[in-house]
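What follows is the content of coords_31.txt, which has compact mmCIF, C-alpha atoms:
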```txt
# COMPACT_ATOMS: atom_id res chain seq x y z
CA MET A 25 -11.04 -2.79 17.03
CA ALA A 26 -12.98 -4.63 14.33
CA TYR A 27 -15.32 -7.47 15.10
CA LEU A 28 -17.35 -9.87 13.01
CA ALA A 29 -20.99 -10.54 13.69
CA VAL A 30 -21.73 -14.20 14.36
CA SER A 31 -24.56 -14.41 11.86
CA GLN A 32 -24.50 -14.58 8.10
CA VAL A 33 -27.38 -13.96 5.77
CA SER A 34 -27.73 -15.04 2.18
CA VAL A 35 -30.56 -13.47 0.21
CA THR A 36 -31.62 -14.06 -3.37
CA VAL A 37 -33.76 -11.49 -5.10
CA PRO A 38 -35.64 -12.52 -8.25
CA ILE A 39 -35.29 -9.90 -10.96
CA ASN A 40 -37.90 -11.14 -13.46
CA GLY A 41 -36.95 -8.53 -16.00
CA ASP A 42 -37.61 -5.66 -13.66
CA SER A 43 -34.50 -3.49 -13.72
CA SER A 44 -35.85 -1.42 -10.86
CA LEU A 45 -35.14 -4.31 -8.45
CA ARG A 46 -31.49 -3.49 -7.87
CA ARG A 47 -30.54 -5.15 -4.61
CA SER A 48 -27.45 -6.78 -3.24
CA VAL A 49 -27.65 -10.55 -3.43
CA PHE A 50 -24.49 -11.35 -1.57
CA LYS A 51 -23.81 -13.06 1.71
CA THR A 52 -22.35 -10.44 4.01
CA HIS A 53 -20.66 -9.92 7.34
CA ASN A 54 -21.50 -6.91 9.44
CA ILE A 55 -18.26 -5.24 10.40
CA SER A 56 -17.86 -2.32 12.76
CA PHE A 57 -14.85 -0.06 13.08
CA ARG A 58 -15.89 1.73 16.24
CA ASP A 59 -18.32 4.31 14.90
CA ARG A 60 -18.18 3.05 11.31
CA SER A 61 -20.43 0.35 9.96
CA TRP A 62 -20.36 -1.19 6.51
CA MET A 63 -21.11 -4.37 4.63
CA SER A 64 -18.19 -6.49 3.52
CA VAL A 65 -18.58 -8.78 0.53
CA LEU A 66 -16.77 -12.08 0.77
CA PRO A 67 -14.84 -13.14 -2.37
CA SER A 68 -16.11 -16.70 -1.91
CA ASP A 69 -19.66 -15.44 -2.20
CA LEU A 70 -19.12 -13.50 -5.42
CA LYS A 71 -18.93 -16.43 -7.80
CA LEU A 72 -21.00 -16.09 -10.94
CA LYS A 73 -21.60 -19.07 -13.16
CA ASN A 74 -20.79 -18.35 -16.78
CA SER A 75 -23.90 -20.16 -17.87
CA GLN A 76 -25.90 -17.46 -16.12
CA SER A 77 -23.74 -14.55 -17.16
CA ARG A 78 -25.46 -13.65 -20.38
CA ASN A 79 -29.07 -13.88 -19.33
CA HIS A 80 -29.06 -13.20 -15.61
CA HIS A 81 -29.23 -9.78 -14.00
CA THR A 82 -27.11 -9.64 -10.91
CA VAL A 83 -25.87 -6.64 -9.01
CA CYS A 84 -22.19 -6.03 -8.54
CA MET A 85 -20.29 -5.63 -5.33
CA SER A 86 -20.34 -1.86 -5.85
CA VAL A 87 -23.64 -2.03 -4.03
CA GLN A 88 -21.94 -2.56 -0.69
CA GLN A 89 -24.24 0.10 0.66
CA ALA A 90 -21.73 2.81 1.41
CA ARG A 91 -22.51 4.42 4.72
CA LYS A 92 -21.92 8.09 5.21
CA SER A 93 -19.30 6.95 7.72
CA GLU A 94 -16.36 6.13 5.52
CA VAL A 95 -14.69 2.74 5.26
CA ALA A 96 -11.28 2.10 6.79
CA VAL A 97 -8.64 1.11 4.24
CA SER A 98 -5.24 -0.51 4.38
CA PRO A 99 -2.32 -0.55 3.99
CA LEU A 100 -1.96 3.19 4.45
CA SER A 101 1.61 2.86 3.21
CA LEU A 102 0.05 3.15 -0.26
CA GLU A 103 -0.29 6.86 0.55
CA ASP A 104 3.45 7.25 1.18
CA VAL A 105 4.57 6.83 -2.42
CA LYS A 106 5.07 10.24 -4.03
CA GLU A 107 5.16 9.14 -7.67
CA PRO A 108 2.65 6.86 -9.43
CA PRO A 109 3.82 3.30 -10.06
CA LEU A 110 4.50 2.78 -13.76
CA ASN A 111 5.11 -0.36 -15.86
CA LEU A 112 6.07 -2.61 -12.98
CA TYR A 113 5.25 -5.55 -15.25
CA LYS A 114 5.81 -5.53 -19.00
CA PRO A 115 4.43 -7.70 -21.84
CA LYS A 116 7.48 -9.98 -21.85
CA GLY A 117 7.22 -10.47 -18.09
CA PRO A 118 3.56 -10.09 -17.05
CA TYR A 119 2.20 -10.69 -13.57
CA THR A 120 -0.15 -13.64 -13.11
CA ALA A 121 -3.21 -12.46 -11.17
CA THR A 122 -6.28 -14.45 -10.14
CA ILE A 123 -9.92 -13.83 -10.96
CA VAL A 124 -11.94 -13.19 -7.79
CA SER A 125 -15.37 -12.58 -9.31
CA VAL A 126 -17.19 -11.84 -12.54
CA GLU A 127 -20.57 -10.13 -12.27
CA ARG A 128 -23.06 -8.84 -14.80
CA LEU A 129 -23.66 -5.15 -14.23
CA VAL A 130 -26.55 -4.39 -16.57
CA GLY A 131 -30.22 -5.27 -16.71
CA PRO A 132 -32.02 -7.43 -19.28
CA LYS A 133 -32.99 -4.50 -21.52
CA ALA A 134 -29.42 -3.24 -21.93
CA PRO A 135 -27.95 -3.66 -25.41
CA GLY A 136 -25.03 -5.99 -24.86
CA GLU A 137 -23.45 -7.25 -21.66
CA THR A 138 -21.11 -5.38 -19.32
CA CYS A 139 -19.33 -7.14 -16.47
CA HIS A 140 -17.59 -6.06 -13.28
CA ILE A 141 -14.45 -8.16 -12.90
CA VAL A 142 -12.33 -8.26 -9.75
CA ILE A 143 -8.80 -9.62 -9.88
CA ASP A 144 -6.42 -10.40 -7.03
CA HIS A 145 -2.88 -9.09 -7.56
CA GLY A 146 -1.80 -9.82 -4.00
CA GLY A 147 -0.63 -6.26 -3.49
CA ASN A 148 2.18 -6.86 -5.97
CA VAL A 149 0.92 -4.57 -8.74
CA PRO A 150 -0.04 -1.33 -6.96
CA TYR A 151 -1.68 1.45 -8.94
CA TRP A 152 -3.25 4.87 -8.54
CA GLU A 153 -6.75 5.97 -9.43
CA GLY A 154 -7.00 6.73 -13.16
CA GLN A 155 -4.37 4.23 -14.28
CA SER A 156 -4.79 1.16 -16.49
CA TYR A 157 -3.65 -2.44 -16.53
CA GLY A 158 -2.83 -4.35 -19.66
CA VAL A 159 -4.37 -7.80 -20.08
CA ILE A 160 -2.86 -10.56 -22.22
CA PRO A 161 -5.56 -13.11 -23.08
CA PRO A 162 -4.48 -16.77 -23.28
CA GLY A 163 -3.65 -18.35 -26.61
CA GLU A 164 -1.49 -17.27 -29.50
CA ASN A 165 -1.72 -14.28 -31.77
CA PRO A 166 -3.28 -15.47 -35.07
CA LYS A 167 -1.27 -12.83 -36.94
CA LYS A 168 1.97 -13.93 -35.25
CA PRO A 169 1.87 -17.74 -34.78
CA GLY A 170 3.81 -18.80 -31.73
CA SER A 171 3.53 -15.37 -30.10
CA PRO A 172 1.09 -14.32 -27.38
CA HIS A 173 -1.82 -12.01 -28.04
CA ASN A 174 -1.23 -8.29 -27.96
CA VAL A 175 -1.87 -6.44 -24.71
CA ARG A 176 -5.33 -4.91 -24.27
CA LEU A 177 -5.54 -1.90 -21.94
CA TYR A 178 -8.36 -1.59 -19.41
CA SER A 179 -8.97 1.38 -17.14
CA ILE A 180 -9.00 0.30 -13.52
CA ALA A 181 -12.45 0.74 -11.98
CA SER A 182 -11.44 0.77 -8.32
CA SER A 183 -9.39 2.89 -5.97
CA ARG A 184 -5.86 1.82 -5.09
CA TYR A 185 -7.31 -0.18 -2.19
CA GLY A 186 -9.57 -2.28 -4.42
CA ASP A 187 -13.11 -3.37 -3.77
CA SER A 188 -12.09 -5.21 -0.60
CA PHE A 189 -10.25 -2.13 0.75
CA ASP A 190 -7.04 -4.08 1.44
CA GLY A 191 -4.84 -3.01 -1.48
CA LYS A 192 -4.80 -6.50 -3.00
CA THR A 193 -7.42 -6.34 -5.74
CA ALA A 194 -8.28 -4.28 -8.79
CA SER A 195 -11.50 -4.10 -10.81
CA PHE A 196 -12.35 -3.82 -14.49
CA CYS A 197 -15.57 -2.70 -16.16
CA VAL A 198 -15.72 -4.71 -19.40
CA ARG A 199 -18.29 -4.77 -22.17
CA ARG A 200 -18.39 -8.08 -23.99
CA ALA A 201 -17.52 -7.46 -27.66
CA VAL A 202 -19.83 -9.63 -29.75
CA TYR A 203 -20.01 -9.71 -33.54
CA TYR A 204 -23.28 -10.37 -35.34
CA ASP A 205 -23.35 -11.30 -39.02
CA PRO A 206 -25.28 -8.52 -40.81
CA GLU A 207 -26.90 -11.00 -43.20
CA THR A 208 -27.99 -13.75 -40.82
CA GLY A 209 -28.24 -11.67 -37.65
CA LYS A 210 -26.53 -14.51 -35.80
CA GLU A 211 -23.53 -14.25 -33.54
CA ASP A 212 -20.21 -15.17 -35.16
CA SER A 213 -18.04 -16.21 -32.24
CA SER A 214 -14.96 -16.38 -34.46
CA LYS A 215 -15.06 -12.60 -34.72
CA ASN A 216 -15.92 -11.80 -31.11
CA GLY A 217 -13.54 -9.72 -29.03
CA ILE A 218 -10.88 -12.10 -27.71
CA CYS A 219 -9.97 -10.34 -24.48
CA SER A 220 -13.39 -9.04 -23.43
CA ASN A 221 -14.94 -12.49 -23.87
CA PHE A 222 -12.06 -14.15 -22.02
CA LEU A 223 -12.60 -11.81 -19.07
CA CYS A 224 -16.40 -12.01 -19.07
CA ASN A 225 -16.26 -15.82 -19.33
CA SER A 226 -13.69 -16.18 -16.55
CA LYS A 227 -14.47 -17.98 -13.32
CA PRO A 228 -13.15 -17.37 -9.81
CA GLY A 229 -9.71 -18.93 -9.53
CA ASP A 230 -8.83 -18.52 -13.20
CA LYS A 231 -5.48 -16.91 -13.94
CA VAL A 232 -5.03 -13.71 -15.90
CA GLN A 233 -1.79 -12.13 -17.09
CA ILE A 234 -1.55 -8.40 -16.49
CA THR A 235 0.95 -5.66 -17.27
CA GLY A 236 1.40 -2.15 -15.98
CA PRO A 237 0.10 -0.12 -14.36
CA SER A 238 0.29 2.57 -17.03
CA GLY A 239 -0.92 6.08 -17.64
CA LYS A 240 -0.53 9.49 -16.03
CA ILE A 241 -3.00 11.68 -17.92
CA MET A 242 -6.03 10.54 -15.89
CA LEU A 243 -4.42 10.65 -12.45
CA LEU A 244 -6.57 12.44 -9.90
CA PRO A 245 -4.81 15.66 -8.82
CA GLU A 246 -4.87 15.77 -5.02
CA ASP A 247 -2.81 18.87 -4.30
CA ASP A 248 -6.06 20.77 -3.72
CA PRO A 249 -8.66 18.65 -1.87
CA ASN A 250 -11.26 21.36 -2.51
CA ALA A 251 -10.90 21.35 -6.30
CA THR A 252 -13.71 20.76 -8.79
CA HIS A 253 -13.60 17.64 -10.97
CA ILE A 254 -15.96 17.36 -13.96
CA MET A 255 -16.09 13.79 -15.28
CA ILE A 256 -17.57 12.92 -18.68
CA ALA A 257 -18.07 9.22 -19.42
CA THR A 258 -19.75 7.06 -22.00
CA GLY A 259 -20.40 3.43 -21.09
CA THR A 260 -17.44 1.60 -19.59
CA GLY A 261 -15.52 4.89 -19.66
CA VAL A 262 -17.00 5.42 -16.20
CA ALA A 263 -14.34 3.02 -14.84
CA PRO A 264 -11.69 5.52 -13.65
CA PHE A 265 -14.35 7.81 -12.23
CA ARG A 266 -15.67 5.02 -10.03
CA GLY A 267 -12.17 4.82 -8.56
CA TYR A 268 -12.05 8.58 -7.98
CA LEU A 269 -15.44 8.63 -6.29
CA ARG A 270 -14.73 5.72 -3.99
CA ARG A 271 -11.62 7.54 -2.83
CA MET A 272 -13.51 10.80 -2.39
CA PHE A 273 -16.66 9.52 -0.69
CA MET A 274 -16.44 5.88 0.39
CA GLU A 275 -12.99 5.48 1.87
CA SER A 276 -11.47 6.94 5.01
CA VAL A 277 -8.04 8.10 3.83
CA PRO A 278 -6.30 10.17 6.54
CA THR A 279 -4.15 12.06 4.03
CA PHE A 280 -6.98 12.91 1.60
CA LYS A 281 -10.20 14.51 2.77
CA PHE A 282 -12.21 15.65 -0.24
CA GLY A 283 -14.11 18.88 0.22
CA GLY A 284 -14.56 20.02 -3.37
CA LEU A 285 -17.10 19.21 -6.09
CA ALA A 286 -17.21 16.02 -8.15
CA TRP A 287 -19.63 16.25 -11.08
CA LEU A 288 -20.27 13.10 -13.12
CA PHE A 289 -21.92 13.03 -16.55
CA LEU A 290 -22.68 9.47 -17.69
CA GLY A 291 -23.99 8.58 -21.13
CA VAL A 292 -25.52 5.13 -21.78
CA ALA A 293 -28.36 3.70 -23.88
CA ASN A 294 -31.08 3.23 -21.27
CA THR A 295 -31.80 2.74 -17.56
CA ASP A 296 -30.82 -0.92 -17.68
CA SER A 297 -27.43 0.13 -19.06
CA LEU A 298 -26.50 2.34 -16.12
CA LEU A 299 -23.26 1.27 -14.46
CA TYR A 300 -22.69 1.52 -10.68
CA ASP A 301 -25.84 3.63 -10.44
CA ASP A 302 -26.67 2.54 -6.88
CA GLU A 303 -23.22 3.56 -5.74
CA PHE A 304 -23.38 6.99 -7.38
CA THR A 305 -26.92 7.61 -6.18
CA LYS A 306 -25.83 6.90 -2.61
CA TYR A 307 -23.08 9.51 -2.86
CA LEU A 308 -25.67 11.96 -4.16
CA GLN A 309 -27.82 11.33 -1.10
CA ASP A 310 -24.98 11.50 1.41
CA TYR A 311 -22.89 14.31 -0.11
CA PRO A 312 -25.29 16.64 -1.97
CA ASP A 313 -22.92 19.59 -1.61
CA ASN A 314 -19.95 17.71 -3.03
CA PHE A 315 -21.38 15.44 -5.72
CA ARG A 316 -23.57 15.95 -8.77
CA TYR A 317 -24.71 13.22 -11.13
CA GLU A 318 -26.19 13.71 -14.60
CA LYS A 319 -27.39 10.86 -16.82
CA ALA A 320 -27.86 10.95 -20.58
CA LEU A 321 -29.95 7.97 -21.68
CA SER A 322 -29.95 8.09 -25.47
CA ARG A 323 -32.88 5.70 -25.95
CA GLU A 324 -35.06 7.22 -23.26
CA HIS A 325 -34.27 10.95 -23.04
CA LYS A 326 -34.73 13.66 -25.65
CA ASN A 327 -32.49 16.67 -26.16
CA LYS A 328 -33.83 20.19 -26.63
CA SER A 329 -34.23 19.57 -30.38
CA GLY A 330 -36.27 16.43 -29.85
CA GLY A 331 -33.45 14.08 -30.82
CA LYS A 332 -31.67 11.46 -28.76
CA MET A 333 -30.00 12.71 -25.60
CA TYR A 334 -26.25 12.15 -25.70
CA VAL A 335 -23.68 13.19 -23.14
CA GLN A 336 -22.71 16.27 -25.18
CA ASP A 337 -26.33 17.44 -24.96
CA LYS A 338 -26.10 17.29 -21.17
CA ILE A 339 -22.85 19.25 -21.33
CA GLU A 340 -24.55 21.92 -23.41
CA GLU A 341 -27.44 22.04 -20.94
CA TYR A 342 -25.00 23.00 -18.17
CA SER A 343 -22.46 24.76 -20.38
CA ASP A 344 -22.51 28.16 -18.65
CA GLU A 345 -21.78 26.59 -15.29
CA ILE A 346 -19.14 24.28 -16.72
CA PHE A 347 -17.30 27.13 -18.43
CA LYS A 348 -17.33 29.22 -15.26
CA LEU A 349 -15.95 26.30 -13.26
CA LEU A 350 -13.20 25.76 -15.85
CA ASP A 351 -12.34 29.46 -15.66
CA ASN A 352 -11.92 28.98 -11.92
CA GLY A 353 -9.51 26.06 -12.31
CA ALA A 354 -11.76 22.99 -12.49
CA HIS A 355 -10.38 19.79 -13.97
CA ILE A 356 -12.37 18.11 -16.74
CA TYR A 357 -11.97 14.44 -17.70
CA PHE A 358 -13.26 12.43 -20.66
CA CYS A 359 -13.24 8.64 -20.87
CA GLY A 360 -14.98 6.27 -23.26
CA LEU A 361 -15.08 5.36 -26.93
CA LYS A 362 -13.07 7.77 -29.08
CA GLY A 363 -16.21 8.47 -31.10
CA MET A 364 -17.52 10.52 -28.16
CA MET A 365 -14.99 13.32 -28.56
CA PRO A 366 -15.94 14.95 -31.91
CA GLY A 367 -19.51 15.63 -30.74
CA ILE A 368 -18.28 16.94 -27.39
CA GLN A 369 -15.63 19.13 -29.01
CA ASP A 370 -18.19 20.56 -31.45
CA THR A 371 -20.54 21.35 -28.57
CA LEU A 372 -17.83 23.06 -26.51
CA LYS A 373 -16.66 25.05 -29.52
CA ARG A 374 -20.21 26.21 -30.28
CA VAL A 375 -20.79 27.21 -26.66
CA ALA A 376 -17.47 29.07 -26.53
CA GLU A 377 -18.37 31.05 -29.65
CA GLN A 378 -21.74 31.94 -28.16
CA ARG A 379 -19.85 33.28 -25.16
CA GLY A 380 -17.55 35.31 -27.39
CA GLU A 381 -14.56 33.07 -26.69
CA ASN A 382 -12.10 31.35 -29.00
CA TRP A 383 -12.36 27.63 -28.25
CA ASP A 384 -8.97 26.69 -29.70
CA GLU A 385 -7.26 29.25 -27.48
CA LYS A 386 -9.29 28.16 -24.46
CA LEU A 387 -8.50 24.49 -25.06
CA SER A 388 -4.81 25.30 -25.40
CA GLN A 389 -4.89 27.10 -22.07
CA LEU A 390 -6.74 24.26 -20.36
CA LYS A 391 -4.10 21.81 -21.57
CA LYS A 392 -1.31 24.13 -20.49
CA ASN A 393 -2.87 24.38 -17.03
CA LYS A 394 -3.21 20.57 -16.90
CA GLN A 395 -6.99 20.89 -16.45
CA TRP A 396 -7.83 18.79 -19.55
CA HIS A 397 -7.67 15.00 -19.25
CA VAL A 398 -8.68 12.63 -22.07
CA GLU A 399 -8.54 8.84 -22.31
CA VAL A 400 -10.49 7.36 -25.21
CA TYR A 401 -10.22 4.03 -26.97
```
Would you put the structure from the file into structure tokens?
Amino acid sequence: MAYLAVSQVSVTVPINGDSSLRRSVFKTHNISFRDRSWMSVLPSDLKLKNSQSRNHHTVCMSVQQARKSEVAVSPLSLEDVKEPPLNLYKPKGPYTATIVSVERLVGPKAPGETCHIVIDHGGNVPYWEGQSYGVIPPGENPKKPGSPHNVRLYSIASSRYGDSFDGKTASFCVRRAVYYDPETGKEDSSKNGICSNFLCNSKPGDKVQITGPSGKIMLLPEDDPNATHIMIATGTGVAPFRGYLRRMFMESVPTFKFGGLAWLFLGVANTDSLLYDDEFTKYLQDYPDNFRYEKALSREHKNKSGGKMYVQDKIEEYSDEIFKLLDNGAHIYFCGLKGMMPGIQDTLKRVAEQRGENWDEKLSQLKKNKQWHVEVY
């Protein structure tokens, strides 16, 4: 039986430009499920004023310090469905969800702003890990007067149970798209990304029209709970992997007990740009035999040639191990900007040739075996 502690605590931690001070700043309830203990974040306490959003470093609700004892989730009926839900809501008939919270994820030295956005779908738009929602920003399409904006797809950054573990919310990881005039160096808001700015500027209670869920290529295969999953992400491409990892390590799902290896490679600009780092680091501490975490910080790390360290350089660093794991049936996933793939493909091809293998043939076999999963944008 669950019980709520009678006390509440609200703590504010000044950041003062120090990205090392990553602490939860949310009012919490202590909740116990017999031998499990965790910190629950209340939606009413997750409000972030837009005026603070672009110059204030806050820490997202991912830093509900995940105990090694896993969190109970509900409704478990979400495990009964044998096929992934697909296109329950379409552009001509979207579902109207509600913004729960908008939180800045990155520190003051990060180039640009990335936000963690939680929406409430009331359990009416269920999804599986690795799927996407479409978002239709308000207003009309300037290229088609009188028509709504086109749908923008966003990978869902939570497990099917959402950040509140009740199956009623979903999360996005969104980088604000801002345009700067190359001559003046000033922001030109007329050319900013419509949907990303709408989401990052949203306030709790605002409405958002969503479609979907969509996508099957990034679904987490669960037929073998002891499988190896190699995840390659750049920036907000980490979104689906956060969902995978919460399911593997944070949640208590009776029908899925992960005993394999999850290996995350994350490429961002610098330490302040790391996304969900506290959450991933906690998994590393609690499950060292089942989770590995490699970071490529292009503005802080150097590759073996003395140049900037990109995610493909990290892949090359561990290439022998990666290739052996792939030969033994590991799944490999790529998510992020489409510009990430040429460099990664070139690296894998070069490594394959060094090993005396034909990369094109190997890639064809990986695709045939359904071990190769790519979602770039």
**Request:** Do a neighbour search on A:Leu361 at 6 Å with only C-alpha atoms, toss out local chain neighbours closer than 3 positions, and write the hits as a list in words.
**Result:** Met364, Val400 and Tyr401 of chain A
**Request:** Taking (-15.2, 16.8, -25.5) in the file's own coordinates, collect the residues within 10 Å, counting all atoms listed in the file, and hand them back as an MDAnalysis selection string.
**Result:** chainID A and resid 256 335:336 339 356:359 362 364:373 396:398
**Asked** From the set A:Asp205, A:Glu377, A:Glu385, A:Glu127, which residue has the shortest atom-to-atom contact distance to A:Cys224, counting all atoms listed in the file?
**Response**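 Among the listed residues, the smallest separation from A:Cys224 belongs to A:Glu127.
Here atom CA of A:Ala320 stands at a distance of 6.6 Å from atom CA of A:Lys338.
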**Request:** Using atom CA of A:Pro162 and atom CA of A:Glu211 as the two end points, give the distance in Å to one decimal.
**Result:**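 Atom CA of A:Pro162 sits 21.8 Å away from atom CA of A:Glu211.
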**Prompt:** What is the atom CA of A:Val159 to atom CA of A:His145 distance in Å?
**Reply:**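 Interatomic distance, atom CA of A:Val159 to atom CA of A:His145: 12.7 Å.
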**Message:** From the options A:Pro115, A:Gly267, A:Pro132, A:Gly147, which residue's atoms come nearest to A:Ser171, counting only C-alpha atoms?
**Reply:**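 Of all the options, A:Pro115 lies closest to A:Ser171.
The environment of A:Pro135 within 12 Å, counting all atoms listed in the file and disregarding residues fewer than 6 places along the same chain, consists of Arg78, Asn79, Arg199, Arg200, Ala201, Val202, Gly259, Val292, Ala293, Asn294, Thr295, Asp296, Ser297, Leu298, Ser322 and Arg323 of chain A.
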**Message:** Just checking: using only C-alpha atoms, which residue out of A:Leu285, A:Lys116, A:Thr258, A:Arg270 ends up closest to A:Leu321?
**Reply:** A:Thr258
Tell me, counting only C-alpha atoms, for each residue of stretch 239-295 of chain A within 12 Å of stretch 139-144 of chain A, which pair of atoms is nearest and how far apart they are in Å to one decimal, in rows ordered by chain and increasing number, as JSON lines.
```
{"residue": "A:Gly259", "atom": "CA", "partner": "A:Cys139", "partner_atom": "CA", "distance": 11.6}
{"residue": "A:Thr260", "atom": "CA", "partner": "A:Cys139", "partner_atom": "CA", "distance": 9.5}
{"residue": "A:Val262", "atom": "CA", "partner": "A:His140", "partner_atom": "CA", "distance": 11.9}
{"residue": "A:Ala263", "atom": "CA", "partner": "A:His140", "partner_atom": "CA", "distance": 9.8}
{"residue": "A:Arg266", "atom": "CA", "partner": "A:His140", "partner_atom": "CA", "distance": 11.7}
```
**Message:** If we draw a sphere of 9 Å around (-2.4, 6.6, -20.3), which residues have at least one atom in it when counting all atoms listed in the file? Please report them as a ChimeraX atom specification.
**Reply:** /A:154-156,179,238-242,398-399
**Prompt:** Using all atoms listed in the file, which of the listed residues (A:Ser220, A:Ser329, A:Ser182, A:Thr252) sits closest to A:Arg271?
**Reply:**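 Smallest separation from A:Arg271 among the options: A:Ser182.
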Determine, counting all atoms listed in the file, which protein, DNA and RNA residues have an atom within 7 Å of an atom of A:Phe289; residues of the same chain fewer than 5 positions away are not included. Present the result as an mmCIF file with C-alpha atoms, in the coordinates of the input.
```
data_model
loop_
_atom_site.group_PDB
_atom_site.id
_atom_site.type_symbol
_atom_site.label_atom_id
_atom_site.label_comp_id
_atom_site.auth_asym_id
_atom_site.auth_seq_id
_atom_site.Cartn_x
_atom_site.Cartn_y
_atom_site.Cartn_z
ATOM 1 C CA MET A 255 -16.090 13.790 -15.280
ATOM 2 C CA ILE A 256 -17.570 12.920 -18.680
ATOM 3 C CA ALA A 257 -18.070 9.220 -19.420
ATOM 4 C CA TYR A 317 -24.710 13.220 -11.130
ATOM 5 C CA GLU A 318 -26.190 13.710 -14.600
ATOM 6 C CA LYS A 319 -27.390 10.860 -16.820
ATOM 7 C CA VAL A 335 -23.680 13.190 -23.140
#
```
**Request:** Write out as a PyMOL selection string which residues come within 9 Å of A:Asp351 when counting only C-alpha atoms, dropping same-chain ones fewer than 4 positions away.
**Result:** chain A and resi 346-347+390
**Request:** Between A:Gly261, A:Gly236, A:Gly131, A:Gly163, single out the one closest to A:Val198, counting all atoms listed in the file.
**Result:**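 The shortest atom-to-atom distance to A:Val198 comes from A:Gly261.
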**Request:** Tell me, as a VMD selection string, which residues lie within 10 Å of A:Thr235, counting all atoms listed in the file; anything in the same chain fewer than 6 positions away does not count.
**Result:** chain A and resid 110 to 120 149 156 to 160 175 to 177
For the selection you just gave me, I'd like the residues written to a file as a CSV table (one decimal), in the frame of the given file, keeping C-alpha atoms.
```
chain,number,residue,atom,x,y,z
A,110,LEU,CA,4.5,2.8,-13.8
A,111,ASN,CA,5.1,-0.4,-15.9
A,112,LEU,CA,6.1,-2.6,-13.0
A,113,TYR,CA,5.2,-5.6,-15.2
A,114,LYS,CA,5.8,-5.5,-19.0
A,115,PRO,CA,4.4,-7.7,-21.8
A,116,LYS,CA,7.5,-10.0,-21.8
A,117,GLY,CA,7.2,-10.5,-18.1
A,118,PRO,CA,3.6,-10.1,-17.0
A,119,TYR,CA,2.2,-10.7,-13.6
A,120,THR,CA,-0.2,-13.6,-13.1
A,149,VAL,CA,0.9,-4.6,-8.7
A,156,SER,CA,-4.8,1.2,-16.5
A,157,TYR,CA,-3.6,-2.4,-16.5
A,158,GLY,CA,-2.8,-4.4,-19.7
A,159,VAL,CA,-4.4,-7.8,-20.1
A,160,ILE,CA,-2.9,-10.6,-22.2
A,175,VAL,CA,-1.9,-6.4,-24.7
A,176,ARG,CA,-5.3,-4.9,-24.3
A,177,LEU,CA,-5.5,-1.9,-21.9
```
